[in-house]
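Have a look at the structure below before the remarks.
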Amino acid sequence: FTPLRGGLSGGLSQPAGWQSLLSFTILFLAWLAGFSARLFAVIRFESIIHEFDPWFNYRATHHLTTNGFYEFLNWFDERAWYPLGRIVGGTVYPGLMVTAGLIHYVLNLLHVTVHIRDVCVFLAPVFSGLTSISTFLLTKELWNQGAGLMAACFIAIVPGYISRSVAGSFDNEGIAIFALQFTYYLWVKSVKTGSVFWSIGCCLSYFYMVSAWGGYVFIINLIPLHVFVLLLMQRFSKRVYIAYSTFYIIGLVLSMQIPFVGFQPIRTSEHMAAAGVFVLLQVYAFLQYLKDRLTKQEFQTLFFLGVSLAAGAVFLSVIYLTYTGRSSYAKIHIPIIASVSEHQPTTWVSFFFDLHILVCTFPAGLWFCIKNINDERVFVALYAISAVYFAGVMVRLMLTLTPVVCMLSAVAFSSVFEHYLGDDMKRQSPPLEDSSDEDDRKNAVTMLMLMLLMMFAVHCTWVTSNAYSSPSVVLASYNNDGSRNILDDFREAYYWLRQNTDEHARVMSWWDYGYQIAGMANRTTLVDNNTWNNSHIALVGKAMSSNETAAYDIMRSLDVDYVLIIFGGVIGYSGDDINKFLWMVRISPSVASQPQESDYFTPQGEFRVDKAGSPTLLNCLMYKMSYYRFGEMQLDFRTPPGFDRTRNAEIGNKDIKLKHLEEAFTSEHWLVRIYKVKKPENRDRVEHKLRGADTTKQKYTSKKVSGGAEASSEGVFIQERTQLDGT
Amino acid sequence: MASVWAKSLSNLPVLSVFVLLLICLPPGGGQKKKENMLSEKVEQMMEWSSRRSVVRMNGDKFRRFVKAPPRNYSVIVMFTALQPQRQCSVCRQANEEYQVLANSWRYSSAFSNKLFFTVVDYDEGADVFQQLNMNSAPTFMHFPAKGKPKRADTFDLQRIGFASEQLAKWIADRTDVQIRVFRPPNYSGTIALALLVSLVGGLLYLRRNNLEFIYNKTGWAMAALCVVFAMTSGQMWNHIRGPPYAHKNPQNGQVSYIHGSSQAQFVAESHIILLLNAAITMGMVLLNEAATSKGDVGKRRIICLVGLGLVVFFFSFLLSIFRSKYHGYPYSFLIK
C-alpha cells in the first residue's frame, strides 16, 4: 500500500507540498505562541527560577554541570537535612537535570555561552513546543491531520498545561508531559504497525518518562489496560502481541535502570497489572496457536473464557487494592500531606478554569471516537476515562487530563469544521433553491465556532497572565495609579545570608523555604521541601512552637546558627509563618507530646494574636521572632502601633525581649527576618547576689535541685554554695 | 485456738458493719434514698443502652444522668452536631467511629454497668454546650464516676484523630475498661459488586441468543460520557467533601443553588453544570449529525440550528455562572 500512496502524492506533488508546508507553519506558530505565552513572568520580573521545588532542581542541575554526571549520581548533599544529609542521586528523578545539563553542554560546545540558569528557566516553554508536536502526531494517528493541528494549537496555550510549564517553573512536569504524549504516540504507532522498531522507540521514550517523573505509573497501567480491553473486544492480533511483549520486557529492564525506581517495577502493586496482562497475553497467544492445530472449538472457547475471567479478576483486584490503599493512606491524613493544597479533589470551577470550552466539547470527541471505534481509538477512550477520574480525585492530576482533552476536543471541532467549512464542490447535487440558505447556515456555524475558539484563546491568555505567572520569589504590588512596586525581600535576605554568614552556618526555617535557602543563600538547612523525615520536621516545628528557653535547648542540640522566618504583618502578605503556625504545632506532636494544639487557641477556640490570644501563643518562639520590635512600629496614622495587617489585629505582646537570640537581619518590608542564635556564655551568669542569701531561700533552692528532674547548671552551683555555707 | 481465731474473724465484719451503721445513722435516710436513686439511674441507663449502644441525651437527661453526683459509672459523651443543616462532615465520620466503638463495648463479653456511651446533639441540647462553655463539635468527654472531669478527660481530637482504636486507648487510660474494637466487616461493596455481576450475568444469559447488544457502540459511548460528565462536574468533590444540596438563607428564606466562592460548590450546582456540559456536547454532536446524515434538507436544517443554539446558548450560560463564582473574571458571551 505504502508505495502506491507515495506514488499518488508524488503525482499530485503540488497540493501535498502545500499541505505539509501549511502544517509545518501551523506547528511552528503553535510552538511560538506556546513559548511566548509562557514568558509573562520573565517579562514582568526577570529570568528567575520560581517557587520552591524548582530551586532544588536548579541547584542539582548546577551541581551536575559543574561536577559532571557521575559525581551527580553519587552526590551526597550534606547541606540539607543537617545533620543527616541527603543522598540526592538516589532520591531524585534525574531526567530533568540531565536534559537541562545536556542542552547546556551542547550549547557550550557550539560556543553559545549561556548560563545554566537561563537554560533551566526556558526549558519548560521549549518543551511545550515539543509537546504540541507529539500531540499533533498522536492525534493524527487517531483521527486525521486537521484534528492533529488543532490539538497542537490547543495544547500550546491551554492553562491546564501552562500552569506547570511557565518560564522559570523548572519542574519535572514540564518535560514529563512531552515524554507522556510521545510515548503514547509511539505506542499507538507500534500497535498499528506491529513493528519492533516502533515498539523499541516506545520503550526508549518510556525510559525517558521514567527518568523524568513519578507519573510514569500512569503509562505502565494504561497500556496494559488497553491491551486487556483489546483482548476482551476480541481484537487480538499479532501486532498487539509484538508491540506489548516488546514494550513490557524492554520497558521493564530500562525502567529499573533509574536508581530511584530500582526494583519497584517487580515489587509494588501498581506495576503488577502490567505483569498480569503480559502473562495473559502469552497464554492467549498460545491458545490461538493451539486453535489452529486443534478442532475442539467449544472446549477452547470455554477455556478462553475461564482464563480471561480469572485474569480479569486478578487485574481488577490489583487495581482495587492499589486505590483502596491510596484512599486509606489519605484517610489517615498525616498532617504534612494534608497541609499541601494540591492533594485535594477538584471542583467543576477548576475544570472550567483550566480547560474552558474544551471541557464541554471533549465528550463529543469521545463520542465520535467510540462510534467509529478501532484499535487506537480504544486507547484514547481509555485514556480519557481514566485521566478524567484521576483529575476528579486530585487537583494536580489535571495535568494528565489536559492532553487528552485537547486531543478529543480537536476531534470534535475539526469534524464540525470539516463539514461546515469545506467547499460545496464535493456535494453531487445540492438543491439549488436552498444553496444560499445553506451557505448562510454554514457561515453562521463557522463564525460562532470561531468566536468560541477566540474566547478560549483570550481566556487562556488571561488565566496565564493572572493566575500562573507569579514567581512567588519576587512579589509585586500595584498602586492606585497603576504603577508597580516590586518587593524583593526574599532575595534580599537570602543574599544577606550568603554574604554575611559563615559558609557552614546552619539555618533553621520552616520546610517551605529549605530549597530556597539552599539554592539562593547556599547555606545548610535543617529541613526542606523533600519532606522525607517527619520527625526532623516535627523537631523544627516543636522548636518554633515552644517558649524561648525550651526552643534554645532544641536549637543547641541541632547546632542552629540562624533562624529564618517569614513575616507578612507589615505588607499584609498572607502566606507567612504565623498563618502556617498551626501546621507546625500539628506536625510537631508526632514525635514529642509537649505542645498541644488546644493550648494555642483562646478558650473560645479562636486563633488570635492580639491581647485575647492564649499566653502560650504569645510567648512562643515563632510569635516572639515575628513581632520582635513590631510593637514600636506604627504603619499608619489610623491604626495603633503594632498593628498586624495580615490578621487585622493589634498584637498582644508588644514588649518582647529575646534572651538567647538576637536580631541579625530584617528585610526592607519586614518580610524575612533572620535571628542569630547566641552561643552559650563561657561561664553561666548568676542572676542573684552571691552573698547575703538568707537560710529560707537556701532551703528552697536546695529542695528544688533535689526534686527537679532537670538540674540546671545554675542550680548545681547554688547547691555547692549551700554546702559550703553549711560546713 | 484455731476455733477462737475463726470466731473472732467471723465477728469482725459484723462488728465493723455495726460500727459503720452507727456512724452513718444520722444521714442514713438520705443515703438510702441516694442508693435507690443510684440503682434507679443505673437501671435506666442499662435499659437504654440495651436498646441502643449509644444513648441519646437532651439537656435534662444529661444533667440528671451524667452531671448529677450519685454515680458509680463512667460516661463517655460525644458532643456533636449531626443535623444536616449544620454541615459538619467531620461529625458524621466521628459518629461512625464512635458507633463502632460503642457497639464493640455493647456486644463484648466484658459489658457491664460501669461504662456508658452517650451522645448530645447540639440541636437537642444547646444548653449543655453553653453550660460546658463548649463551642466546637465533635468533642469527646469522659465523666468519671467520682469527681469532676479533669483536663485529660477531654479527648484530644485534633492531635490523635477520632479512630475507634484511639478512642478505646483513651478510654482504657481514663477508666481502666479495656475495649477491643471490633469493626463489622463492610459487606456493602462486595454485595453491590456481586449484585452487579449477577445482573450482568443474568442479562447475558437471558439474551444469550442475541449478544448483539454488547457490540452496541451507542451504549458504550453513553456509559463513557456518563463517567466523564460526572467527573467534570465535580461529583467526586461532592463525594469526598459532602456539601449540602443547596443553601437556604435563614433570614429571607431564599434558596441559592450556586455557591458564591470558587473554592466550593453545592450538589445542586454540580447537577446544573452536568446538564449544561451534556447540552453543549449534544449540540456538537447534533451539528455533526446535521452535516453527515442523509435525511431531507428541512430536517437537517432544524437539527443544525438546534445544535448551534444548544452550544452557543448553554456555553454562554455556563460562562456566566463561572463569572459569578470567579470574582474578577472579565469575559462573558451573550449573557452577562
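Ordering of the C-alpha cells sets the chain letters (A, B, ...); residue numbers start at 1 within each chain; ligands are numbered from 1 in the order shown.
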For this session: Write out as number ranges by chain which residues come within 10 Å of range 482-488 of chain A when counting only C-alpha atoms, dropping same-chain ones fewer than 6 positions away.
Result: A: 45, 473-476, 571, 667-669, 671
For this session: Report as number ranges by chain the set of chain A residues whose atoms approach chain B to within 6 Å, with distances computed over only C-alpha atoms.
Result: A: 345-348, 360-361, 364, 367, 370-371, 392, 416, 419
Hey, can you spit out that residue selection with all heavy atoms as a compact mmCIF listing (two decimals), in the first residue's frame?
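Written output follows (out.txt):
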# COMPACT_ATOMS: atom_id res chain seq x y z
N PRO A 345 -9.58 17.16 46.16
CA PRO A 345 -10.42 16.87 44.99
C PRO A 345 -10.73 18.14 44.20
O PRO A 345 -10.52 19.24 44.68
CB PRO A 345 -11.68 16.28 45.62
CG PRO A 345 -11.69 16.76 47.01
CD PRO A 345 -10.26 16.91 47.41
N THR A 346 -11.24 17.94 42.99
CA THR A 346 -11.38 19.06 42.06
C THR A 346 -12.82 19.50 41.93
O THR A 346 -13.71 18.67 41.73
CB THR A 346 -10.88 18.61 40.68
OG1 THR A 346 -9.70 17.87 40.87
CG2 THR A 346 -10.58 19.78 39.80
N THR A 347 -13.07 20.79 42.02
CA THR A 347 -14.42 21.31 41.78
C THR A 347 -14.59 21.55 40.28
O THR A 347 -13.62 21.59 39.54
CB THR A 347 -14.63 22.65 42.50
OG1 THR A 347 -13.64 23.57 42.04
CG2 THR A 347 -14.51 22.50 43.99
N TRP A 348 -15.83 21.77 39.89
CA TRP A 348 -16.06 22.00 38.45
C TRP A 348 -15.41 23.30 38.02
O TRP A 348 -14.99 23.45 36.87
CB TRP A 348 -17.55 21.98 38.12
CG TRP A 348 -18.31 23.21 38.51
CD1 TRP A 348 -18.97 23.40 39.67
CD2 TRP A 348 -18.48 24.40 37.73
NE1 TRP A 348 -19.54 24.64 39.68
CE2 TRP A 348 -19.26 25.28 38.50
CE3 TRP A 348 -18.07 24.81 36.48
CZ2 TRP A 348 -19.63 26.54 38.07
CZ3 TRP A 348 -18.43 26.08 36.04
CH2 TRP A 348 -19.19 26.93 36.82
N CYS A 360 -16.23 21.22 27.86
CA CYS A 360 -17.60 20.93 27.44
C CYS A 360 -17.65 20.20 26.11
O CYS A 360 -18.64 19.55 25.79
CB CYS A 360 -18.42 22.19 27.30
SG CYS A 360 -17.96 23.53 28.32
N THR A 361 -16.61 20.33 25.30
CA THR A 361 -16.70 19.74 23.97
C THR A 361 -15.96 18.41 23.85
O THR A 361 -16.24 17.65 22.93
CB THR A 361 -16.13 20.70 22.92
OG1 THR A 361 -14.86 21.12 23.35
CG2 THR A 361 -17.02 21.89 22.74
N ALA A 364 -17.86 15.21 23.24
CA ALA A 364 -18.32 14.98 21.87
C ALA A 364 -17.25 14.23 21.07
O ALA A 364 -17.56 13.30 20.31
CB ALA A 364 -18.64 16.31 21.21
N TRP A 367 -17.32 10.73 22.02
CA TRP A 367 -18.48 10.10 21.39
C TRP A 367 -18.14 9.66 19.96
O TRP A 367 -18.37 8.52 19.57
CB TRP A 367 -19.62 11.10 21.41
CG TRP A 367 -20.86 10.67 20.68
CD1 TRP A 367 -21.13 10.84 19.36
CD2 TRP A 367 -21.99 10.00 21.25
NE1 TRP A 367 -22.36 10.33 19.06
CE2 TRP A 367 -22.92 9.80 20.19
CE3 TRP A 367 -22.32 9.56 22.52
CZ2 TRP A 367 -24.13 9.18 20.39
CZ3 TRP A 367 -23.53 8.94 22.71
CH2 TRP A 367 -24.43 8.74 21.65
N ILE A 370 -15.77 6.66 19.96
CA ILE A 370 -16.35 5.37 20.31
C ILE A 370 -17.29 4.90 19.19
O ILE A 370 -17.37 3.71 18.89
CB ILE A 370 -17.07 5.44 21.67
CG1 ILE A 370 -16.05 5.74 22.75
CG2 ILE A 370 -17.77 4.13 21.98
CD1 ILE A 370 -16.59 5.81 24.13
N LYS A 371 -17.98 5.85 18.57
CA LYS A 371 -18.87 5.46 17.49
C LYS A 371 -18.11 4.89 16.30
O LYS A 371 -18.61 4.02 15.59
CB LYS A 371 -19.71 6.66 17.04
CG LYS A 371 -20.77 7.08 18.02
CD LYS A 371 -21.86 6.05 18.17
CE LYS A 371 -23.13 6.55 17.50
NZ LYS A 371 -24.23 5.57 17.73
N GLY A 392 -10.46 14.14 38.74
CA GLY A 392 -11.53 14.43 39.70
C GLY A 392 -11.10 14.20 41.13
O GLY A 392 -11.54 14.88 42.04
N VAL A 416 -16.56 19.17 13.04
CA VAL A 416 -17.58 20.17 12.72
C VAL A 416 -17.07 21.08 11.59
O VAL A 416 -17.77 21.32 10.60
CB VAL A 416 -17.93 21.00 13.97
CG1 VAL A 416 -18.73 22.23 13.59
CG2 VAL A 416 -18.72 20.15 14.93
N HIS A 419 -17.13 19.70 8.10
CA HIS A 419 -18.40 19.66 7.39
C HIS A 419 -18.93 21.02 7.03
O HIS A 419 -19.71 21.16 6.10
CB HIS A 419 -19.43 18.91 8.22
CG HIS A 419 -19.07 17.48 8.42
ND1 HIS A 419 -18.97 16.91 9.68
CD2 HIS A 419 -18.74 16.51 7.55
CE1 HIS A 419 -18.58 15.66 9.56
NE2 HIS A 419 -18.45 15.38 8.27
For this session: Would you list the contacts of Thr639 in chain A as a list in words, taking every protein, DNA or RNA residue within 10 Å and counting only C-alpha atoms, but skipping same-chain residues closer than 4 positions in sequence?
Result: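 Here the qualifying residues turn out to be Gln634, Leu635, Phe643, Asp644, Arg645, Asn648, Ala649 and Glu650 of chain A.
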Go ahead and save the residues from that selection, with N, CA, C and O atoms, as a short mmCIF file (atom, residue, chain, number, x, y, z; two decimals), in the first residue's frame.
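Wrote it out as again-v4.cif, contents follow:
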data_model
loop_
_atom_site.label_atom_id
_atom_site.label_comp_id
_atom_site.auth_asym_id
_atom_site.auth_seq_id
_atom_site.Cartn_x
_atom_site.Cartn_y
_atom_site.Cartn_z
N GLN A 634 4.62 52.04 63.94
CA GLN A 634 3.29 52.49 63.54
C GLN A 634 3.26 52.61 62.03
O GLN A 634 3.95 53.43 61.44
N LEU A 635 2.45 51.76 61.43
CA LEU A 635 2.43 51.71 59.98
C LEU A 635 1.60 52.83 59.39
O LEU A 635 1.86 53.31 58.30
N PHE A 643 0.24 47.15 64.65
CA PHE A 643 -0.98 46.62 64.04
C PHE A 643 -0.61 45.69 62.89
O PHE A 643 0.07 46.09 61.95
N ASP A 644 -1.05 44.46 63.02
CA ASP A 644 -0.71 43.43 62.04
C ASP A 644 -1.69 43.50 60.87
O ASP A 644 -2.89 43.31 61.03
N ARG A 645 -1.20 43.78 59.68
CA ARG A 645 -2.10 43.97 58.55
C ARG A 645 -2.63 42.67 57.98
O ARG A 645 -3.68 42.63 57.35
N ASN A 648 -5.20 41.75 60.71
CA ASN A 648 -6.01 42.88 61.13
C ASN A 648 -6.22 42.92 62.63
O ASN A 648 -7.34 42.94 63.13
N ALA A 649 -5.12 42.92 63.36
CA ALA A 649 -5.24 42.94 64.82
C ALA A 649 -4.03 43.65 65.39
O ALA A 649 -2.94 43.63 64.81
N GLU A 650 -4.26 44.29 66.52
CA GLU A 650 -3.14 44.89 67.23
C GLU A 650 -2.51 43.79 68.07
O GLU A 650 -3.20 43.08 68.80
#
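For the pair CA of Gly253 in chain B and CA of Glu124 in chain B, the interatomic distance is 22.9 Å.
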For this session: Write out as a ChimeraX atom specification all residues of range 224-290 of chain B that DSSP puts in helix (DSSP H, G or I) for this structure's backbone.
Result: /B:224-232,235-241,267-290
Exercise. When you draw a straight line from CA of Val560 in chain A to CA of Arg506 in chain A, how long is it in Å?
Worked result: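 Computed distance, CA of Val560 in chain A to CA of Arg506 in chain A, equals 5.3 Å.
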For this session: Please measure the separation of CA of Cys406 in chain A and CA of Asp118 in chain A, giving the value in Å to one decimal.
Result: 29.4 Å
Output as a PDB file with C-alpha atoms, in the first residue's frame all residues of range 423-520 of chain A that backbone DSSP marks as strand (DSSP E).
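In the end it all went to out-v2.pdb:
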ATOM      1  CA  LEU A 475       6.253  39.871  44.802  1.00  0.00           C
ATOM      2  CA  ALA A 476       4.628  42.815  43.101  1.00  0.00           C
ATOM      3  CA  SER A 477       2.058  45.262  44.377  1.00  0.00           C
ATOM      4  CA  TYR A 478       0.178  47.891  42.432  1.00  0.00           C
ATOM      5  CA  ARG A 484       4.143  48.888  40.318  1.00  0.00           C
ATOM      6  CA  ASN A 485       6.205  48.199  43.404  1.00  0.00           C
ATOM      7  CA  ILE A 486       8.492  45.211  43.439  1.00  0.00           C
ATOM      8  CA  LEU A 487       9.002  43.556  46.786  1.00  0.00           C
ATOM      9  CA  ARG A 506      23.201  26.254  59.702  1.00  0.00           C
ATOM     10  CA  VAL A 507      19.903  27.991  59.118  1.00  0.00           C
ATOM     11  CA  MET A 508      16.693  26.794  60.664  1.00  0.00           C
TER      12      MET A 508
END
Problem set entry | Who sits within 9 Å of range 64-81 of chain B, only C-alpha atoms, same chain under 2 positions skipped, as a PyMOL selection string | chain B and resi 34-35+37-38+41-42+45+59-62+83-84+86-88+91-92+94-95+98+113-123+129+134+136-148+171+175
Problem set entry | Within 10 Å of range 539-541 of chain A using only C-alpha atoms, minus same-chain residues under 5 positions, as a PyMOL selection string | chain A and resi 508-511+526-527+534+546+551+554-555+558+581-592+595+622
Mind dumping the selected residues with N, CA and C atoms as an mmCIF file, in the first residue's frame?
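Now in again-v2.cif:
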data_model
loop_
_atom_site.group_PDB
_atom_site.id
_atom_site.type_symbol
_atom_site.label_atom_id
_atom_site.label_comp_id
_atom_site.auth_asym_id
_atom_site.auth_seq_id
_atom_site.Cartn_x
_atom_site.Cartn_y
_atom_site.Cartn_z
ATOM 1 N N MET A 508 17.940 27.508 60.405
ATOM 2 C CA MET A 508 16.693 26.794 60.664
ATOM 3 C C MET A 508 15.544 27.630 60.120
ATOM 4 N N SER A 509 14.643 26.966 59.401
ATOM 5 C CA SER A 509 13.434 27.656 58.949
ATOM 6 C C SER A 509 12.376 26.590 58.766
ATOM 7 N N TRP A 510 11.161 27.012 58.479
ATOM 8 C CA TRP A 510 10.114 26.029 58.197
ATOM 9 C C TRP A 510 10.406 25.377 56.854
ATOM 10 N N TRP A 511 9.925 24.143 56.611
ATOM 11 C CA TRP A 511 10.417 23.380 55.467
ATOM 12 C C TRP A 511 10.134 24.012 54.119
ATOM 13 N N LEU A 526 18.074 22.698 57.818
ATOM 14 C CA LEU A 526 17.702 21.543 58.641
ATOM 15 C C LEU A 526 16.626 20.693 57.977
ATOM 16 N N VAL A 527 15.637 21.375 57.403
ATOM 17 C CA VAL A 527 14.554 20.642 56.741
ATOM 18 C C VAL A 527 14.272 21.351 55.424
ATOM 19 N N ASN A 534 9.758 12.898 58.751
ATOM 20 C CA ASN A 534 8.755 13.613 59.526
ATOM 21 C C ASN A 534 9.255 14.057 60.882
ATOM 22 N N SER A 546 7.687 26.207 70.852
ATOM 23 C CA SER A 546 7.941 26.196 72.290
ATOM 24 C C SER A 546 8.293 27.605 72.750
ATOM 25 N N ALA A 551 13.038 26.172 73.308
ATOM 26 C CA ALA A 551 13.470 26.192 71.908
ATOM 27 C C ALA A 551 14.988 26.283 71.824
ATOM 28 N N ILE A 554 16.548 22.921 72.044
ATOM 29 C CA ILE A 554 16.425 22.166 70.796
ATOM 30 C C ILE A 554 17.395 22.713 69.765
ATOM 31 N N MET A 555 17.469 24.039 69.685
ATOM 32 C CA MET A 555 18.329 24.631 68.664
ATOM 33 C C MET A 555 19.799 24.350 68.962
ATOM 34 N N LEU A 558 20.579 20.962 67.807
ATOM 35 C CA LEU A 558 20.641 20.835 66.352
ATOM 36 C C LEU A 558 21.716 21.729 65.745
ATOM 37 N N PHE A 581 1.457 28.569 61.203
ATOM 38 C CA PHE A 581 1.938 28.142 62.506
ATOM 39 C C PHE A 581 1.206 26.912 63.031
ATOM 40 N N LEU A 582 -0.110 26.852 62.784
ATOM 41 C CA LEU A 582 -0.856 25.716 63.336
ATOM 42 C C LEU A 582 -0.377 24.403 62.747
ATOM 43 N N TRP A 583 0.105 24.444 61.504
ATOM 44 C CA TRP A 583 0.637 23.208 60.928
ATOM 45 C C TRP A 583 1.893 22.777 61.669
ATOM 46 N N MET A 584 2.695 23.772 62.076
ATOM 47 C CA MET A 584 3.899 23.416 62.831
ATOM 48 C C MET A 584 3.506 22.720 64.126
ATOM 49 N N VAL A 585 2.479 23.266 64.779
ATOM 50 C CA VAL A 585 2.046 22.662 66.039
ATOM 51 C C VAL A 585 1.479 21.272 65.783
ATOM 52 N N ARG A 586 0.716 21.161 64.704
ATOM 53 C CA ARG A 586 0.065 19.887 64.406
ATOM 54 C C ARG A 586 1.085 18.812 64.064
ATOM 55 N N ILE A 587 2.104 19.190 63.325
ATOM 56 C CA ILE A 587 3.100 18.206 62.915
ATOM 57 C C ILE A 587 4.007 17.858 64.080
ATOM 58 N N SER A 588 4.266 18.833 64.948
ATOM 59 C CA SER A 588 5.254 18.583 65.998
ATOM 60 C C SER A 588 4.900 17.458 66.971
ATOM 61 N N PRO A 589 3.655 17.238 67.394
ATOM 62 C CA PRO A 589 3.465 16.204 68.413
ATOM 63 C C PRO A 589 3.703 14.807 67.915
ATOM 64 N N SER A 590 3.919 14.608 66.638
ATOM 65 C CA SER A 590 4.087 13.226 66.209
ATOM 66 C C SER A 590 5.396 12.639 66.723
ATOM 67 N N VAL A 591 6.311 13.425 67.254
ATOM 68 C CA VAL A 591 7.436 12.847 67.987
ATOM 69 C C VAL A 591 7.375 13.134 69.475
ATOM 70 N N ALA A 592 7.052 14.345 69.833
ATOM 71 C CA ALA A 592 7.079 14.698 71.246
ATOM 72 C C ALA A 592 5.722 15.244 71.631
ATOM 73 N N PRO A 595 3.830 20.221 73.221
ATOM 74 C CA PRO A 595 2.903 21.275 72.823
ATOM 75 C C PRO A 595 1.609 20.690 72.296
ATOM 76 N N MET A 622 8.062 31.456 67.775
ATOM 77 C CA MET A 622 7.639 31.996 66.488
ATOM 78 C C MET A 622 6.981 33.358 66.650
#
I want to know what sits within 10 Å of Val177 in chain B, based on only C-alpha atoms, with residues of the same chain fewer than 3 positions away left out; could you give that as a CSV table (one decimal) with all heavy atoms, in the first residue's frame?
chain,number,residue,atom,x,y,z
B,74,SER,N,-19.0,5.4,84.8
B,74,SER,CA,-18.4,6.4,83.9
B,74,SER,C,-19.2,6.6,82.7
B,74,SER,O,-19.8,5.7,82.2
B,74,SER,CB,-17.0,6.0,83.5
B,74,SER,OG,-16.1,5.8,84.6
B,105,TRP,N,-18.3,-2.4,72.6
B,105,TRP,CA,-18.4,-2.5,74.0
B,105,TRP,C,-19.7,-3.2,74.3
B,105,TRP,O,-19.8,-4.1,75.2
B,105,TRP,CB,-18.4,-1.1,74.6
B,105,TRP,CG,-18.8,-1.0,76.0
B,105,TRP,CD1,-19.9,-0.2,76.5
B,105,TRP,CD2,-18.2,-1.6,77.2
B,105,TRP,NE1,-19.9,-0.3,77.9
B,105,TRP,CE2,-18.9,-1.2,78.3
B,105,TRP,CE3,-17.1,-2.5,77.3
B,105,TRP,CZ2,-18.6,-1.6,79.6
B,105,TRP,CZ3,-16.8,-2.9,78.6
B,105,TRP,CH2,-17.5,-2.5,79.7
B,110,ALA,N,-17.3,-8.3,78.2
B,110,ALA,CA,-17.0,-7.6,79.4
B,110,ALA,C,-18.0,-6.5,79.7
B,110,ALA,O,-17.9,-5.7,80.6
B,110,ALA,CB,-15.6,-7.0,79.3
B,111,PHE,N,-19.1,-6.5,78.9
B,111,PHE,CA,-20.1,-5.4,79.0
B,111,PHE,C,-20.6,-5.3,80.5
B,111,PHE,O,-21.1,-6.4,81.0
B,111,PHE,CB,-21.2,-5.6,78.0
B,111,PHE,CG,-22.3,-4.6,78.1
B,111,PHE,CD1,-22.0,-3.3,77.8
B,111,PHE,CD2,-23.5,-4.9,78.6
B,111,PHE,CE1,-23.0,-2.3,77.8
B,111,PHE,CE2,-24.5,-3.9,78.6
B,111,PHE,CZ,-24.2,-2.6,78.3
B,112,SER,N,-20.6,-4.2,81.1
B,112,SER,CA,-21.1,-4.0,82.4
B,112,SER,C,-21.8,-2.7,82.6
B,112,SER,O,-21.8,-1.9,81.6
B,112,SER,CB,-20.0,-4.2,83.4
B,112,SER,OG,-19.1,-3.1,83.3
B,114,LYS,N,-20.6,-0.3,84.2
B,114,LYS,CA,-19.6,0.7,84.7
B,114,LYS,C,-19.3,1.8,83.7
B,114,LYS,O,-18.7,2.8,84.0
B,114,LYS,CB,-18.2,-0.1,84.9
B,114,LYS,CG,-18.3,-1.0,86.1
B,114,LYS,CD,-18.3,-0.2,87.4
B,114,LYS,CE,-18.8,-1.0,88.6
B,114,LYS,NZ,-19.8,-0.4,89.4
B,115,LEU,N,-19.7,1.5,82.5
B,115,LEU,CA,-19.4,2.5,81.4
B,115,LEU,C,-20.5,2.6,80.4
B,115,LEU,O,-21.1,1.6,80.0
B,115,LEU,CB,-18.1,2.0,80.7
B,115,LEU,CG,-17.6,2.8,79.5
B,115,LEU,CD1,-17.1,4.2,80.0
B,115,LEU,CD2,-16.5,2.1,78.8
B,168,ALA,N,-10.6,4.0,72.1
B,168,ALA,CA,-10.5,2.9,73.0
B,168,ALA,C,-9.3,3.0,74.0
B,168,ALA,O,-9.4,2.8,75.2
B,168,ALA,CB,-10.5,1.6,72.3
B,169,LYS,N,-8.2,3.4,73.4
B,169,LYS,CA,-7.0,3.6,74.2
B,169,LYS,C,-7.2,4.7,75.2
B,169,LYS,O,-6.8,4.5,76.4
B,169,LYS,CB,-5.8,4.0,73.2
B,169,LYS,CG,-4.6,3.2,73.5
B,169,LYS,CD,-3.6,3.4,72.3
B,169,LYS,CE,-2.5,4.3,72.7
B,169,LYS,NZ,-1.7,4.7,71.5
B,170,TRP,N,-7.8,5.7,74.8
B,170,TRP,CA,-8.1,6.8,75.7
B,170,TRP,C,-9.0,6.4,76.9
B,170,TRP,O,-8.8,6.7,78.0
B,170,TRP,CB,-8.7,8.0,74.9
B,170,TRP,CG,-9.2,9.1,75.7
B,170,TRP,CD1,-8.5,10.0,76.5
B,170,TRP,CD2,-10.6,9.6,75.8
B,170,TRP,NE1,-9.3,10.9,77.1
B,170,TRP,CE2,-10.6,10.7,76.7
B,170,TRP,CE3,-11.7,9.1,75.2
B,170,TRP,CZ2,-11.8,11.3,76.9
B,170,TRP,CZ3,-12.9,9.8,75.5
B,170,TRP,CH2,-12.9,10.9,76.4
B,171,ILE,N,-10.0,5.6,76.5
B,171,ILE,CA,-11.0,5.2,77.5
B,171,ILE,C,-10.3,4.2,78.5
B,171,ILE,O,-10.5,4.3,79.7
B,171,ILE,CB,-12.2,4.5,76.8
B,171,ILE,CG1,-13.0,5.5,76.1
B,171,ILE,CG2,-13.0,3.7,77.8
B,171,ILE,CD1,-14.1,5.0,75.2
B,172,ALA,N,-9.4,3.4,77.9
B,172,ALA,CA,-8.7,2.5,78.8
B,172,ALA,C,-7.8,3.2,79.8
B,172,ALA,O,-7.7,2.9,81.0
B,172,ALA,CB,-7.8,1.5,78.0
B,173,ASP,N,-7.3,4.3,79.3
B,173,ASP,CA,-6.4,5.2,80.1
B,173,ASP,C,-7.2,5.8,81.2
B,173,ASP,O,-6.8,5.9,82.3
B,173,ASP,CB,-5.8,6.2,79.1
B,173,ASP,CG,-4.7,6.9,79.8
B,173,ASP,OD1,-4.0,6.2,80.5
B,173,ASP,OD2,-4.5,8.1,79.5
B,174,ARG,N,-8.4,6.3,80.9
B,174,ARG,CA,-9.2,7.0,81.9
B,174,ARG,C,-10.0,6.2,82.8
B,174,ARG,O,-10.3,6.6,83.9
B,174,ARG,CB,-10.2,8.0,81.1
B,174,ARG,CG,-9.5,9.0,80.2
B,174,ARG,CD,-8.4,9.8,80.8
B,174,ARG,NE,-8.8,10.5,82.0
B,174,ARG,CZ,-7.9,11.0,82.9
B,174,ARG,NH1,-6.6,11.0,82.6
B,174,ARG,NH2,-8.3,11.6,84.0
B,180,ARG,N,-12.0,-4.0,73.2
B,180,ARG,CA,-11.4,-4.5,71.9
B,180,ARG,C,-12.3,-4.1,70.8
B,180,ARG,O,-13.4,-4.5,70.7
B,180,ARG,CB,-11.2,-6.0,71.9
B,180,ARG,CG,-9.7,-6.4,71.9
B,180,ARG,CD,-9.5,-7.8,71.7
B,180,ARG,NE,-9.5,-8.2,70.3
B,180,ARG,CZ,-10.0,-9.3,69.8
B,180,ARG,NH1,-10.5,-10.2,70.6
B,180,ARG,NH2,-9.9,-9.6,68.6
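Remark: for Met272 in chain A, the closest of the candidate residues A:Leu252, A:Ile26, A:Leu450, A:Leu408 is A:Leu252 (distances computed over only C-alpha atoms).
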